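Engineer: Pasting in a structure now, in structure tokens, and then I'll have a few things to ask.
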Amino acid sequence: MPNSPSDEAAEDAYGARYDLAVIGAGCAGLAGAVAASERGLSVAVLDAAGQIGGQFYRHPAPALGAARPQALHHDWSVFAGLRRRFEASGIVHLAGHHVWTVARAGEGEWAVHAVTGADGTGERPVRVRARTVLLATGAYERHLPFPGWTRPGVVGAGGAQAMLKSGLVLPGRRVVVAGSGPLLLAVAASLSAAGARVPAVVEASGYTGYARRPGVLIANPHKLMEAVVHGAGLVRRGVRVRTRSAATQVHGTDRVEAVTVSRVDRDWRPLPGTGRRIACDVLAVGHGLVPQVELATSLGCATRRTQDGTYALALDALQETSVRDLWAAGETGGIGGAELARAEGELAGIAVAARARDRPGLARGGRVRELLRRRDRLRAFADTMAAVHAPGPGWTHWLDDATEVCRCEEVSAGAVRAALADHGARDARTVKLLTRAGMGWCQGRMCGPAVACLAAGAGAESAPASPERRPLAVPVPLGALGSIEPSGTAAVPTDASGQPGVAGPDGPGRPHRTTDRTSPPADEHRRSAN
């Protein structure tokens with residue numbers, strides 16, 4: 001490919017100026033990067049993980065020698081094809097890069113700031129410059145507290161699946177899967193197929209809500225088939241699915257020994273006298289997913305409230321945010337699954353290429369029309385899914401006053417209630433100031449929904465009009481902040497002799513050469529653009 005980033009040395013990646021920087025190497029990020037690259041753009045992909053694929057296509061490291069990594073996935077062939085195109089494209093893949101902010105670095109340029117290393121504690125911060133940015137940052141699990149949820153042996157449902165996919169290990173021998181959302185069926189099916197005993201899948205909502213939207217099901221028959229396949233596998237292995245039920249208490253001394261499962265009403269309020277103990281050594285629990293939008297909201301991007309109470313980015317028809325030259329795809333626009341993420345990513349990649357090449361016709365072609373139809377069809381199903389599995393307000397009745405709501409700061413439900421009843425708190429933010437709930441390591445990602453719901457139950461405002469704007473999307477060492485010059489750009493790293501250098505794949509102090517990898521005018525790229 002002419003002017004491809006692969007034409008230059010890897011250590012020069014930080015000195016380049018790309019047409020597109022993609023943040024996230026999951027389904028949406030890969031699809032967007034490949035679409036843009038195949039249409040002649042220079043692309044860099046930054047991702048916190050060491051391998052591409054994101055959470056959905058998480059797979060074992062080569063060192064584990066997995067003979068059939070595809071066994072734990074469906075649609076693996078789609079990912080394999082996307083991976084082949086990615087590897088053949090010349091896209092610069094920056095693995096182990098934790099992006100903590102994105103900022104304007106001048107007219108028509110973004111600066112993407114990251115820290116490197118498996119946990120963000122690499123040798124020095126880095127900066128990637130690009131004309132446009134595609135946010136494909138995915139989502140994280142929503143956890144609602146209940147008595148005993150901090151006991152060892154309670155894991156996230158998605159976390160249990162990640163352990164199996166990436167490490168080929170089971171979280172336990174006897175695993176109860178609980179919470180709400182279609183992820184539960186997939187997790188239970190994976191665990192039971194891998195040899196775990198799954199006594200029950202405990203779903204707080206029901207599945208009848210899907211039947212009230214037959215048009216959406218008819219338009220997405222493959223989604224129904226996925227549920228049938230998972231359900232049939234569970235039936236074969238003797239796994240019972242309990243709907244309108246919730247894990248309301250965990251029992252055990254040093255770790256999980258059993259869980260109480262109670263029937264709940266439509267508001268998720270436990271029904272007295274219905275609690276039943278199920279013996280287990282692990283509880284895998286999750287109550288849906290939350291779009292990861294911190295990078296976008298720090299830039300002032302508009303958001304919308306979803307039907308399950310989270311915030312997603314408000315996007316135009318071609319996936320652009322309310323901030324020009326900043327696109328988003330996948331779960332950032334609302335939870336919808338891998339197929340929707342791929343469609344949105346490709347659509348965004350084509351839209352970026354159309355603007356960068358000054359060829360608006362690219363965004364009006366037959367492929368775009370096909371992607372728009374697919375996106376809208378899948379988004380309708382996603383909205384239905386959000387409505388069916390939205391948490392009911394009655395779940396706060398699971399909590400006694402001793403239940404920890406904020407794990408980081410060890411703030412109990414009783415302390416939150418006291419802030420509301422006795423100290424004049426009228427919203428979740430005031431509760432945070434009075435109790436420190438949400439001020440710990442996770443910065444409210446774990447406890448934020450719980451605190452907001454407890455505040456709503458006391459008559460306070462249930463949620464702010466928009467999500468909090470965080471200047472830092474991930475924990476950042478002070479040294480990384482110190483590298484930012486007053487202009488807002490990162491200082492050029494230097495080696496021990498004071499000469500310019502970057503922290504490349506082979507370590508710090510590599511020769512640094514500033515280049516411009518943005519593509520030439522459209523007429524010079526006609527032959528390579530699709």
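Ligands are numbered from 1 in the order shown, chains are lettered A, B, ... in the order of the structure tokens, and residues start at 1 in each chain.
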Excluding same-chain residues fewer than 6 positions from range 199-204 of chain A, what lies within 9 Å of it counting only C-alpha atoms, as a ChimeraX atom specification?

Structural biologist: /A:174-181,184-185,188,238-247,261,263-266,268,278-280,287,389,391-392

Engineer: Identify, on the basis of only C-alpha atoms, every residue whose closest approach to Leu168 in chain A does not exceed 10 Å; exclude the query and any residue fewer than 5 positions from it along the same chain; express the result as a VMD selection string.

Structural biologist: chain A and resid 59 to 61 64 66 69 72 161 to 163 194

Engineer: Which of range 3-233 of chain A end up as strand (DSSP E) when DSSP is run on this backbone - answer as an NGL selection string?

Structural biologist: :A and (17-23 or 43-47 or 92-95 or 97-104 or 110-116 or 125-135 or 139-141 or 154-156 or 175-180 or 200-203)

Engineer: Output as a PyMOL selection string all residues of range 168-380 of chain A that backbone DSSP marks as alpha helix (DSSP H).

Structural biologist: chain A and resi 183-193+208-211+214-219+221-236+294-297+338-356+366-380

Engineer: My list of candidates is A:Ser412, A:Thr332, A:Thr384, A:Thr260. Which is closest to Pro182 in chain A when distances are computed with only C-alpha atoms?

Structural biologist: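 Ranking A:Ser412, A:Thr332, A:Thr384, A:Thr260 by distance to Pro182 in chain A, first place goes to A:Thr384.
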